[in-house]
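Enquirer: Right, I'll just put the structure down here and ask away after.
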Amino acid sequence: MIIDLDRFLAEERPHWTALESTLTQIEKHPERHLQLDEILRFHELYERASSGLAKIETFASEPEIRRYLEGLVARAYSEIHETRTKAQRFHLWRWFTETFPRAFRRRIRPFWLALAVTIVGCLFGGVAIGIDPEAKQVIMPFGALQGNPVERVRREESSKQDRLAGQKSTFAAELMTHNTQVAVFTMALGVTWGAGTTITLFYNGVILGAVAVDYIRAGETAFLVGWLLPHGAIEIPAILLGGQAGFLLAGALIGWGSRQTRRARLREISPDLVTIIFGAAMLLIWAGIVESFLSQYHEPVIPYALKIVFGAVELAALTLFLARSGARGERSPEKA
Amino acid sequence: MRLARTNTLALTTPEGITFSLPLAGPVSRFLAWTIDAAAILAAGTILGELVDRIGVLNQSLAETTYVIAYFVISIGYGIALEWFWRGQTLGKRVLGLRVMDEQALRLESSQIVVRNLLRFVDMLPLAYLIGGIACFASRRSQRLGDLAANTIVVRIPAVRQPNLEQLLGRKFNSLKEYRHLAARLRQRTSPQAAAIALEALLRRDEIQPAARLELFADLAQHFRSQVTFPPEAVEQLSDEQYVRNVVAILYRRASH
């Protein structure tokens, strides 16, 4: 019981101010490690503020001080009882070449699932167009894809004008932002226990399979591969990464075979989920540039062979990057 | 940790200290989002004006800049502000809301990113319908992004400071002479009772005379039952004067 409130406040306020100042420093510089004496002092201040809160709670007329102390204790509580590793200072290059591929490998199973769903969609779309070419009107989302492939190839190859002249960078920016939205949306739909992610990936696969079979049947395989591979080698895996993140989220929500609580599961996957989706966004920047500056140009401007080789090299480099980059010093998945 | 009420998250620390966080409801969150949407729109308009000026020099560069910058602003607005302002955007600041970890632990950057990226689903099919429904349905008023990120949005109510000097003046307070009893009164009075007494004094002129007498009689009786002051301290005090003296003890420091 506090007999003299003013004296109590006068005595305690400097300690609360000290705690507030320590908290501000900790929050401002999360990468800094406190020394042992600083930790002890911090803990002492926290306990003192907690004790002050317990005492002041009996005072009906001190809502302001009580709320101030509640806020202070809540902030200190979050620092003292936090067991997750603090975020280190962010290095973009290290993050991209180490953190991102490691997160990808650590969570490889949702990626295989995303790939499998897309392949099933491709097969469905390919078979559907193979059996019923008229289905193109229903399956293809864009008018440009609904036309005759032979006519399109003839038109593109005979074109004397650069239809993207002066607009290539704007087109690249639109592609980057649109594809990033698709990847993020595919990830976010994981919150529907993966149903939305599955539908999105499956539908993407259906379109891809349908377009591929349509052009192959028309004898325009070289055009198709030369058109899609340079940017698709990066863009399609990036969307799959979005799917990987979506299934990762869904897996944490469902929690099959896990004894952890839903909160603990979500807390555990959250950093990897963010890393993977940001990695996908980085890849889509490159894919947008390639699609705008290279993919839209065909023979005789650029030989198909050159475009195909370029795309194949990209795909090989991406595979190598995701499989090996940052592997040195990486802990095994069981220990991670 | 346990959920005390649907609109409050009560936390008990291992040291045995309990504190509560009032949760923000769907309506206040929607209003905060409206302010944020207006801020993004304003930023987009300003950006458009700037880009128009660049467009005089290079139209393609201007359009590219606009497409990328608007995309970054619309997606990065919530992420950046909640990170730099520790869980607050402009709208949340105006309405006194803050994003917090569900277990009152440190709000991680990954949590901020996840809850903001999941807006893509929460805002479907329009005007945050899915997020709003989830908010109404969940025990802690969480939209899907909050559920996935383990976050909650709490209210930080502004504490209204009544003008006690004007209300209580510098009149002699006979109860104050008994410091140990005054301390006991402070300890035994509940926050609700103190707030009711203060409110009654602030609004006393708006109350009908008969009701005013009855109200202050009830309040005085309640406070008398909490602590008994010596007869010489309370004699010749009306019920209203008694309540005023009690409020002066509860709300005004000794130094005043």
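Here's how to read the names in the structure tokens: chain A, B, ... by the order shown, residue numbers from 1 in each chain, ligand numbers from 1 in the order shown.
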Write down, as a PyMOL selection string, each residue of chain B that has any atom within 7 Å of an atom of chain A, counting only C-alpha atoms.
Expert: chain B and resi 17+19+60+63-64+67-68+71+104-106+110-111+113-114+117-118+120-121+148-150+159+180+183+186-187+189-191+194+250-251+253-254
Enquirer: Can you write just those residues out, C-alpha atoms, as a JSON list (two decimals), in the first residue's frame?
Expert:
```json
[["chain", "number", "residue", "atom", "x", "y", "z"],
["B", 17, "ILE", "CA", 1.88, -8.73, -13.11],
["B", 19, "PHE", "CA", -1.91, -5.87, -17.76],
["B", 60, "SER", "CA", 8.86, 6.88, -71.08],
["B", 63, "GLU", "CA", 5.63, 6.55, -66.97],
["B", 64, "THR", "CA", 8.05, 3.86, -65.79],
["B", 67, "VAL", "CA", 4.22, 2.57, -62.44],
["B", 68, "ILE", "CA", 7.01, 1.36, -60.15],
["B", 71, "PHE", "CA", 3.27, 0.03, -56.83],
["B", 104, "ALA", "CA", 2.87, -9.11, -26.59],
["B", 105, "LEU", "CA", 6.32, -10.18, -27.79],
["B", 106, "ARG", "CA", 8.48, -8.06, -30.06],
["B", 110, "SER", "CA", 8.29, -10.63, -40.98],
["B", 111, "GLN", "CA", 5.02, -10.30, -39.07],
["B", 113, "VAL", "CA", 5.21, -7.99, -44.00],
["B", 114, "VAL", "CA", 2.92, -11.03, -43.75],
["B", 117, "LEU", "CA", 0.77, -8.81, -47.95],
["B", 118, "LEU", "CA", -2.28, -10.78, -46.88],
["B", 120, "PHE", "CA", -4.56, -9.02, -51.03],
["B", 121, "VAL", "CA", -6.99, -11.62, -49.69],
["B", 148, "ALA", "CA", -1.40, -15.53, -40.28],
["B", 149, "ALA", "CA", 1.06, -13.05, -38.75],
["B", 150, "ASN", "CA", 0.08, -13.64, -35.10],
["B", 159, "VAL", "CA", -6.50, 9.77, -21.17],
["B", 180, "HIS", "CA", -3.63, 7.53, 6.46],
["B", 183, "ALA", "CA", -4.40, 6.78, 1.50],
["B", 186, "ARG", "CA", -7.30, 5.89, -2.59],
["B", 187, "GLN", "CA", -6.51, 2.23, -2.26],
["B", 189, "THR", "CA", -11.82, 3.03, -4.36],
["B", 190, "SER", "CA", -12.30, 1.22, -7.65],
["B", 191, "PRO", "CA", -11.41, 3.05, -10.89],
["B", 194, "ALA", "CA", -13.75, 7.22, -8.99],
["B", 250, "LEU", "CA", -8.43, 10.71, -5.43],
["B", 251, "TYR", "CA", -7.42, 12.93, -8.29],
["B", 253, "ARG", "CA", -1.77, 15.24, -5.63],
["B", 254, "ALA", "CA", -0.64, 16.57, -2.28]]
```
Enquirer: Using only C-alpha atoms, which residues sit within 9 Å of Arg48 in chain A once same-chain residues fewer than 4 positions away are excluded, as a CSV table (one decimal) with C-alpha atoms, in the first residue's frame?
Expert:
```csv
chain,number,residue,atom,x,y,z
A,12,GLU,CA,10.1,5.8,-9.1
A,15,HIS,CA,13.7,4.5,-12.9
A,16,TRP,CA,10.8,4.4,-15.4
A,43,HIS,CA,15.9,-6.6,-15.9
A,44,GLU,CA,16.0,-4.7,-12.6
A,52,GLY,CA,5.2,-0.1,-9.6
A,53,LEU,CA,2.4,-1.2,-11.8
```
Enquirer: Quote the spacing between CA of Asn116 in chain B and CA of Asp146 in chain B in Å to one decimal place.
Expert: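 We find that CA of Asn116 in chain B and CA of Asp146 in chain B lie 8.8 Å from each other.
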Enquirer: From a DSSP pass on the backbone, collect the residues of range 129-279 of chain A flagged as helix (DSSP H, G or I) and hand them back as number ranges by chain.
Expert: A: 129-131, 133-139, 143-146, 149-158, 168-192, 195-217, 221-254, 262-279
Enquirer: Show me, as a PDB file with C-alpha atoms, in the first residue's frame, the residues that have an atom within 8 Å of range 244-247 of chain B when counting only C-alpha atoms, minus same-chain residues fewer than 6 positions from it.
Expert:
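As a result, selection-v7.pdb now contains:
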```pdb
ATOM      1  CA  LEU B 168     -12.349  21.703  -7.090  1.00  0.00           C
ATOM      2  CA  ASN B 173     -10.539  19.791   2.403  1.00  0.00           C
ATOM      3  CA  SER B 174     -11.148  18.458   5.902  1.00  0.00           C
ATOM      4  CA  LEU B 175     -10.650  14.817   4.794  1.00  0.00           C
ATOM      5  CA  ALA B 194     -13.751   7.225  -8.992  1.00  0.00           C
ATOM      6  CA  ALA B 197     -17.843  10.469  -8.940  1.00  0.00           C
ATOM      7  CA  LEU B 198     -15.714  12.706 -11.155  1.00  0.00           C
ATOM      8  CA  LEU B 201     -19.198  16.487 -10.388  1.00  0.00           C
ATOM      9  CA  PHE B 223     -17.510   6.334  -0.205  1.00  0.00           C
TER      10      PHE B 223
END
```
Enquirer: If we count only C-alpha atoms and set the cut-off at 10 Å, which residues sit around Arg105 in chain A, ignoring sequence neighbours fewer than 2 positions away in its own chain? Please answer as a tab-separated table (two decimals) with C-alpha atoms, in the first residue's frame.
Expert:
```tsv
chain	number	residue	atom	x	y	z
A	100	PHE	CA	16.91	-16.56	-49.91
A	101	PRO	CA	18.27	-19.80	-51.46
A	102	ARG	CA	18.65	-21.33	-48.00
A	103	ALA	CA	15.02	-20.57	-47.15
A	107	ARG	CA	11.10	-25.34	-47.42
A	108	ILE	CA	11.52	-27.39	-50.60
A	109	ARG	CA	8.49	-29.64	-50.11
A	111	PHE	CA	7.84	-26.01	-53.85
A	322	LEU	CA	18.65	-22.03	-55.79
A	323	ALA	CA	20.32	-25.41	-55.30
A	324	ARG	CA	23.80	-24.32	-54.29
A	327	ALA	CA	25.28	-23.78	-49.18
A	333	PRO	CA	17.52	-28.86	-42.56
```
Enquirer: Find the spatial neighbours of Val94 in chain B, counting only C-alpha atoms, within a cut-off of 9 Å - ignore same-chain residues fewer than 3 positions away - and output them as a list in words.
Expert: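 Everything that qualifies: Ala32, Ile35, Thr89, Leu90, Gly91 and Leu97 of chain B.
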Enquirer: Extract the full set of strand (DSSP E) residues from range 49-225 of chain B according to DSSP on the backbone, and format it as a list in words.
Expert: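 Written out, the strand (DSSP E) residues of range 49-225 of chain B are Leu97, Arg98, Val99, Met100, Asp101, Thr151, Ile152, Val153, Val154 and Arg155 of chain B.
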Enquirer: Quick one: write out the picked residues with N, CA and C atoms as a PDB file, in the first residue's frame?
Expert:
```
ATOM      1  N   LEU B  97      -4.586   3.575 -32.709  1.00  0.00           N
ATOM      2  CA  LEU B  97      -4.489   2.115 -32.793  1.00  0.00           C
ATOM      3  C   LEU B  97      -3.033   1.724 -32.991  1.00  0.00           C
ATOM      4  N   ARG B  98      -2.708   0.495 -32.651  1.00  0.00           N
ATOM      5  CA  ARG B  98      -1.341   0.015 -32.847  1.00  0.00           C
ATOM      6  C   ARG B  98      -1.350  -1.492 -33.085  1.00  0.00           C
ATOM      7  N   VAL B  99      -0.516  -1.947 -34.015  1.00  0.00           N
ATOM      8  CA  VAL B  99      -0.373  -3.386 -34.251  1.00  0.00           C
ATOM      9  C   VAL B  99       0.604  -3.935 -33.219  1.00  0.00           C
ATOM     10  N   MET B 100       0.238  -5.056 -32.623  1.00  0.00           N
ATOM     11  CA  MET B 100       1.125  -5.690 -31.638  1.00  0.00           C
ATOM     12  C   MET B 100       1.197  -7.179 -31.883  1.00  0.00           C
ATOM     13  N   ASP B 101       2.226  -7.791 -31.372  1.00  0.00           N
ATOM     14  CA  ASP B 101       2.313  -9.245 -31.410  1.00  0.00           C
ATOM     15  C   ASP B 101       1.202  -9.812 -30.531  1.00  0.00           C
ATOM     16  N   THR B 151      -0.686 -11.368 -35.119  1.00  0.00           N
ATOM     17  CA  THR B 151      -0.725  -9.987 -34.622  1.00  0.00           C
ATOM     18  C   THR B 151      -2.138  -9.603 -34.188  1.00  0.00           C
ATOM     19  N   ILE B 152      -2.216  -8.586 -33.372  1.00  0.00           N
ATOM     20  CA  ILE B 152      -3.501  -8.019 -32.980  1.00  0.00           C
ATOM     21  C   ILE B 152      -3.385  -6.503 -33.151  1.00  0.00           C
ATOM     22  N   VAL B 153      -4.520  -5.842 -33.234  1.00  0.00           N
ATOM     23  CA  VAL B 153      -4.506  -4.380 -33.263  1.00  0.00           C
ATOM     24  C   VAL B 153      -5.162  -3.900 -31.975  1.00  0.00           C
ATOM     25  N   VAL B 154      -4.416  -3.091 -31.219  1.00  0.00           N
ATOM     26  CA  VAL B 154      -4.942  -2.623 -29.931  1.00  0.00           C
ATOM     27  C   VAL B 154      -5.243  -1.127 -29.992  1.00  0.00           C
ATOM     28  N   ARG B 155      -6.109  -0.729 -29.089  1.00  0.00           N
ATOM     29  CA  ARG B 155      -6.426   0.696 -28.961  1.00  0.00           C
ATOM     30  C   ARG B 155      -5.517   1.310 -27.916  1.00  0.00           C
TER      31      ARG B 155
END
```
Enquirer: Could you tell me how far CA of Ala238 in chain A lies from CA of Leu283 in chain A, in Å and to one decimal?
Expert: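 Between these atoms lies a distance of 6.3 Å.
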Enquirer: Can you pull out the residues contacting Ile133 in chain B? Cut-off 10 Å, using only C-alpha atoms, and skip same-chain residues under 2 positions away; I want them as a PDB file with C-alpha atoms, in the first residue's frame.
Expert:
```
ATOM      1  CA  PRO B  26     -13.633  -3.666 -37.044  1.00  0.00           C
ATOM      2  CA  ASP B 122      -8.548  -9.563 -46.901  1.00  0.00           C
ATOM      3  CA  TYR B 128     -12.123  -5.453 -47.099  1.00  0.00           C
ATOM      4  CA  LEU B 129     -15.242  -7.599 -46.977  1.00  0.00           C
ATOM      5  CA  ILE B 130     -13.381 -10.831 -46.208  1.00  0.00           C
ATOM      6  CA  GLY B 131     -11.114  -9.085 -43.700  1.00  0.00           C
ATOM      7  CA  CYS B 135     -12.576  -9.466 -37.888  1.00  0.00           C
ATOM      8  CA  PHE B 136     -16.151  -9.859 -36.678  1.00  0.00           C
ATOM      9  CA  ALA B 137     -15.856 -13.631 -36.464  1.00  0.00           C
ATOM     10  CA  SER B 138     -12.506 -13.919 -34.678  1.00  0.00           C
ATOM     11  CA  SER B 141     -10.883  -8.988 -33.942  1.00  0.00           C
ATOM     12  CA  GLN B 142      -8.229 -10.303 -36.313  1.00  0.00           C
ATOM     13  CA  ARG B 143      -8.440 -10.207 -40.074  1.00  0.00           C
ATOM     14  CA  LEU B 144      -6.835 -13.068 -42.019  1.00  0.00           C
TER      15      LEU B 144
END
```
Enquirer: Residues of range 187-249 of chain A that have any atom at most 6 Å from an atom of range 297-315 of chain A: could you tabulate them with the shortest-distance atom pair and the distance in Å to one decimal, using only C-alpha atoms, ordered by chain and increasing number, as CSV?
Expert:
```
residue,atom,partner,partner_atom,distance
A:Gly226,CA,A:Tyr304,CA,5.0
A:Leu229,CA,A:Gly311,CA,4.9
A:Pro230,CA,A:Gly311,CA,4.0
A:Ala233,CA,A:Leu315,CA,5.1
```
Enquirer: Distance CA of Ser325 in chain A-CA of Ile289 in chain A, one decimal place?
Expert: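 One can read the CA of Ser325 in chain A to CA of Ile289 in chain A distance as 23.1 Å.
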Enquirer: If you count only C-alpha atoms, which residues fall within 12 Å of Thr228 in chain B, apart from same-chain ones fewer than 2 positions away, as a list in words?
Expert: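 The neighbour list is Leu175, Tyr178, His180, Leu181, Ala182, Arg184, Leu185, Arg188, Ala220, Gln221, His222, Phe223, Arg224, Ser225, Gln226, Pro230, Pro231, Glu232, Ala233, Val234 and Val246 of chain B.
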Enquirer: Kindly indicate which residue among A:Ala281, A:Arg154, A:Gln244, A:Phe321 lies nearest to Val72 in chain B, using only C-alpha atoms for the distances.
Expert: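 Closest to Val72 in chain B of all the choices is A:Ala281.
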